[in-house]
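Before any comments, here is the structure.
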Number of protein chains: 2
Amino acid sequence: MTHPENDPAYEGLTVNEGVEKLPSVNPYFKPKARRKILSSQEFVDGILAGDISILGQAVTLVESNLPSDQKIAQEVIEKCLPYSGKSIRIGITGVPGAGKSTFIEALGMDITNNGHKLAVLAIDPSSERSKGSILGDKTRMQELSSAKNAFIRPSPSAGSLGGVARKTRETIVLCEAAGFDTIFIETVGVGQSETAAQSMVDFFLLLQVTGTGDELQGIKRGIMEMADGIAINKADGNNIEKAKVAKQQFQNALMLFPPHQSGWVPQTLTCSATEKTGINEVWKMMQDYVAFTKKNGYFDQKRTQQAKYWMYETIHEQLLNSFYQNKEIERRLPQYEHLVLNNEITSFVAAQQLLQQYFNNIK
Amino acid sequence: MTHPENDPAYEGLTVNEGVEKLPSVNPYFKPKARRKILSSQEFVDGILAGDISILGQAVTLVESNLPSDQKIAQEVIEKCLPYSGKSIRIGITGVPGAGKSTFIEALGMDITNNGHKLAVLAIDPSSERSKGSILGDKTRMQELSSAKNAFIRPSPSAGSLGGVARKTRETIVLCEAAGFDTIFIETVGVGQSETAAQSMVDFFLLLQVTGTGDELQGIKRGIMEMADGIAINKADGNNIEKAKVAKQQFQNALMLFPPHQSGWVPQTLTCSATEKTGINEVWKMMQDYVAFTKKNGYFDQKRTQQAKYWMYETIHEQLLNSFYQNKEIERRLPQYEHLVLNNEITSFVAAQQLLQQYFNNIK
């Protein structure tokens, strides 16, 4: 039997099509599906033609940690780069219970019904799933995941937030090259993911809910100040009055913060994702923001800042890793922590001595 | 003429006393005052005895950038370390116009009149003075700077915020060893200084004023969330009602933030530094905070976190400096920025190539 890799009968098939075609010579034999049947140029051609299946396979390569996959992924990304950038990137965060999946589906359907192509990505670096919500969960967004012009992916898993953020940015490049003009980046709102998301989106939306005083307090420090808009969800039924009160509270709080660099004044809206009210107003707010910041130049300025930020962020991450993964440093770090905590040496002297050992060690 | 350094007639004198004693052999000749007449042990003995003049000279050594001064300074600091830590460290920030100097003087007099020894330090790394207010300006705090148990110093100048922060921390060690049980760290509220200050104090106070909507917005992002207490100053005359309204606004805003790790609920008070009303209540709030956090263990936990933080912060700063000051990197960085901004390579690839060149270059 000729190996599928060399058999012209399998040429041009996707991985899944190829696997299905294999004859059942041995019912227990399932050859490992080889994902590298396409060349990097074939991936690029498929992506630029808007082929969702090929886009999905390319994203799988990007998410993979295998060096061979990464090699092809980087080639694909580089070739797609000139076609990237032409989209609106929107970050959406909210605590578990805010109704994020329902909201994203309602907003997403509104957007795709208006002729746009929407990609929904997620940043969630924790090895175990965040409490309660699973980001990018298609089972919770069934209508949207079946929509022709929507593409939904769960978060890559890459060990560190830096790794997840990088793969998400690379996925954005591929989606934009495939013609997706609106990108959602979803985060959970209880970790560092929001800072990463904020550094790769144009507009940052905070999804809130009403309830008791405690529920209002679920947000991590700094997120409210990051928001370009706040949407108070579940403004329906008995909750409508509470939602209006919450809207006023947030508007008052936002007034106490310094102005945003963009010049935009963050808005607070109420909506109900289940009843699909107030959803179009949220989309309109985002479009207004984009028009406003494109007009005053801030839109492009922010994208420039972000591109530079990620280069430096990657450099810093690797410089620190090189230090902390150094065997001598790994060994001595706890000893120095101990000396500092016991007031035996200053943190400055401890740092100096450790650095000296590091630089002597890597030469 | 025997040089003062070798002349027993000058032994044990302070720098200023020695200079005054010199005969006027040449009225135009002013020998450069040499600050190293004391040994490090003499400095330590003077500090432990609570000698303010010697403390002042030691702090001058700490602030100096001369290697010879730094050598002695580090010896003095190391010997004082075991005697440090026994104080309450309070960060005070507010925008220019909040009345910081008047407030610090009023609060400081209240504290020293209650039997405490107070040191007032400042963090202001800008090479030009911050707009309007000069931190640690004794001319604005004349009563306090004459008080027997008060010690006021302007910010060290050290080029970088990291350098200023380090010298401030080292100065805290000396002040505590000299018996100062209360330390103020003053910052302006418009730069990165607050994060540095927050990482070296126990309690962080935000000083606000009332006025138009705009004036309320002078605070840098993130500072309101950092505050353990807010004091609304200038609650006097026609301003009293406005101050009460502002107090309510801030209390409402604070309720929207997640709880502090300390378990403490930040309080908002009104006061008038010029009329000296509400000042003792601010001091009482700080004492309540200390009692509360000592009881639940957070006080010591935070100090431990801070000590470790500064060791790692110093390490990171030097790792980055080593990269950015590398000649090859200096040369190539702008080229790579350009490639990234033109979408010719990803920020990730740019970072990888720069790092490769750096590590090849330092071996």
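Naming scheme: A, B, ... for chains in displayed order of the structure tokens; residues 1 onward per chain; ligands 1 onward as shown.
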
*Within 9 Å of Phe103 in chain A, counting only C-alpha atoms, which residues qualify if same-chain residues fewer than 2 places away don't, as JSON, numbers by chain?*
{"A": [98, 99, 100, 101, 105, 106, 107, 108, 207, 233, 272, 273, 274, 276, 279]}

*List every residue of range 123-342 of chain B that DSSP, applied to the backbone of this structure, places in alpha helix (DSSP H), and write the result as a PyMOL selection string.*
chain B and resi 142-146+161-177+193-198+213-216+223-226+240-255+279-295+298-324+327-341

Output the selection as a short mmCIF file (atom, residue, chain, number, x, y, z; two decimals), in the first residue's frame - C-alpha atoms for each residue.
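As a result, out.cif now contains:
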data_model
loop_
_atom_site.label_atom_id
_atom_site.label_comp_id
_atom_site.auth_asym_id
_atom_site.auth_seq_id
_atom_site.Cartn_x
_atom_site.Cartn_y
_atom_site.Cartn_z
CA GLN B 142 8.95 75.97 58.22
CA GLU B 143 7.34 75.00 61.48
CA LEU B 144 7.89 71.30 60.90
CA SER B 145 11.46 71.65 59.69
CA SER B 146 12.32 73.43 62.94
CA LEU B 161 13.16 56.15 39.11
CA GLY B 162 14.85 52.88 40.11
CA GLY B 163 17.84 54.75 41.43
CA VAL B 164 15.71 57.26 43.33
CA ALA B 165 13.57 54.49 44.80
CA ARG B 166 16.60 52.57 45.97
CA LYS B 167 18.19 55.59 47.66
CA THR B 168 14.89 56.40 49.34
CA ARG B 169 14.64 52.86 50.71
CA GLU B 170 18.20 53.07 51.98
CA THR B 171 17.43 56.41 53.62
CA ILE B 172 14.45 54.81 55.35
CA VAL B 173 16.82 52.23 56.86
CA LEU B 174 19.04 54.98 58.28
CA CYS B 175 16.11 57.00 59.64
CA GLU B 176 14.63 53.97 61.37
CA ALA B 177 17.98 53.07 62.88
CA SER B 193 6.56 57.34 41.46
CA GLU B 194 3.42 56.14 43.17
CA THR B 195 3.98 52.49 42.28
CA ALA B 196 7.49 52.78 43.70
CA ALA B 197 6.20 54.50 46.83
CA GLN B 198 3.41 51.98 47.29
CA GLY B 213 -15.20 68.21 37.80
CA ASP B 214 -11.85 68.68 36.10
CA GLU B 215 -9.89 69.15 39.27
CA LEU B 216 -11.17 65.86 40.63
CA ILE B 223 -3.80 55.55 42.22
CA MET B 224 -7.34 55.60 43.56
CA GLU B 225 -7.35 51.83 43.69
CA MET B 226 -4.03 51.89 45.59
CA ILE B 240 -17.22 72.69 53.26
CA GLU B 241 -20.34 71.53 51.43
CA LYS B 242 -18.41 70.68 48.26
CA ALA B 243 -16.00 68.66 50.35
CA LYS B 244 -18.83 66.60 51.82
CA VAL B 245 -20.20 65.93 48.35
CA ALA B 246 -16.77 64.89 47.11
CA LYS B 247 -16.41 62.59 50.10
CA GLN B 248 -19.61 60.81 49.13
CA GLN B 249 -18.50 60.54 45.49
CA PHE B 250 -15.22 58.95 46.44
CA GLN B 251 -16.86 56.58 48.90
CA ASN B 252 -19.22 55.43 46.15
CA ALA B 253 -16.38 54.98 43.71
CA LEU B 254 -14.30 53.01 46.19
CA MET B 255 -17.19 50.57 46.66
CA ILE B 279 -6.10 66.25 60.86
CA ASN B 280 -6.02 64.12 63.98
CA GLU B 281 -8.73 61.93 62.45
CA VAL B 282 -6.43 61.20 59.52
CA TRP B 283 -3.68 60.14 61.91
CA LYS B 284 -6.14 58.00 63.83
CA MET B 285 -7.20 56.28 60.60
CA MET B 286 -3.58 55.41 59.89
CA GLN B 287 -3.10 54.02 63.38
CA ASP B 288 -6.30 51.98 63.06
CA TYR B 289 -4.97 50.56 59.79
CA VAL B 290 -1.70 49.55 61.40
CA ALA B 291 -3.45 47.90 64.34
CA PHE B 292 -5.85 46.10 62.00
CA THR B 293 -3.16 44.76 59.68
CA LYS B 294 -0.79 43.81 62.46
CA LYS B 295 -3.57 41.81 64.00
CA TYR B 298 -1.05 41.45 56.61
CA PHE B 299 1.37 44.14 57.89
CA ASP B 300 4.31 41.72 58.06
CA GLN B 301 3.21 39.84 54.98
CA LYS B 302 3.28 43.04 52.95
CA ARG B 303 6.74 43.99 54.22
CA THR B 304 8.01 40.57 53.21
CA GLN B 305 6.50 40.93 49.73
CA GLN B 306 8.09 44.38 49.42
CA ALA B 307 11.56 43.22 50.38
CA LYS B 308 11.46 40.46 47.79
CA TYR B 309 9.91 42.79 45.23
CA TRP B 310 12.85 45.18 45.42
CA MET B 311 15.41 42.46 44.97
CA TYR B 312 13.65 41.26 41.83
CA GLU B 313 12.96 44.78 40.62
CA THR B 314 16.67 45.61 40.83
CA ILE B 315 17.62 42.40 39.03
CA HIS B 316 15.16 43.10 36.23
CA GLU B 317 16.31 46.69 35.84
CA GLN B 318 19.93 45.60 35.44
CA LEU B 319 19.11 42.75 33.06
CA LEU B 320 17.28 45.19 30.81
CA ASN B 321 20.02 47.83 31.08
CA SER B 322 22.60 45.28 30.06
CA PHE B 323 20.59 44.62 26.91
CA TYR B 324 19.74 48.20 25.98
CA LYS B 327 26.42 48.70 21.48
CA GLU B 328 25.19 46.26 18.84
CA ILE B 329 21.65 46.42 20.19
CA GLU B 330 21.68 50.22 20.35
CA ARG B 331 22.60 50.23 16.72
CA ARG B 332 20.04 47.71 15.48
CA LEU B 333 17.00 48.52 17.61
CA PRO B 334 15.65 51.35 15.41
CA GLN B 335 16.01 49.19 12.29
CA TYR B 336 13.96 46.42 13.86
CA GLU B 337 11.31 48.82 15.12
CA HIS B 338 10.98 50.03 11.55
CA LEU B 339 10.56 46.51 10.15
CA VAL B 340 7.89 45.70 12.74
CA LEU B 341 5.94 48.89 12.16
#

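Those residues of range 19-204 of chain B that DSSP, working from the backbone, places in strand (DSSP E) are B:Ile88, B:Arg89, B:Ile90, B:Gly91, B:Ile92, B:Thr93, B:Leu118, B:Ala119, B:Val120, B:Leu121, B:Ala122, B:Ala150, B:Phe151, B:Ile152, B:Thr182, B:Ile183, B:Phe184, B:Ile185, B:Glu186, B:Thr187, B:Phe203, B:Phe204.
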
*Provide the CA of Gln192 in chain B to CA of Arg89 in chain B distance in Å, to one decimal place.*
18.8 Å

*Using only C-alpha atoms, find the one residue out of B:Glu78, B:Phe203, B:Pro156, B:Lys71 that sits nearest to Ile92 in chain B.*
B:Phe203

*What's the 10 Å shell around Ile54 in chain B, counting only C-alpha atoms, without same-chain residues fewer than 2 positions away, as a PyMOL selection string?*
chain B and resi 14-15+38+42-52+56-60+178

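Our summary of the geometry notes that CA of Asp228 in chain A is positioned 21.5 Å from CA of Leu135 in chain A.
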
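Candidate residues B:Val265, B:Ala350, B:Ala227, B:Leu55 were compared for distance to chain A, and the nearest is B:Ala350, using only C-alpha atoms.
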
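The closest residue to chain A, picked from B:Val188, B:Ile77, B:Val120, B:Ala235 and counting only C-alpha atoms, is B:Ile77.
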
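Closest to chain A among B:Gly189, B:Ile104, B:Asn296, B:Thr139 is B:Gly189, based on only C-alpha atoms.
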
*Between A:Glu63, A:Asp69, A:Asp202, A:Glu75, which has the minimum distance to chain B (counting only C-alpha atoms)?*
A:Glu75

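Ranking A:Thr268, A:Thr277, A:Gln208, A:Ser68 by their shortest atom-to-atom distance to chain B, with only C-alpha atoms included, puts A:Gln208 first.
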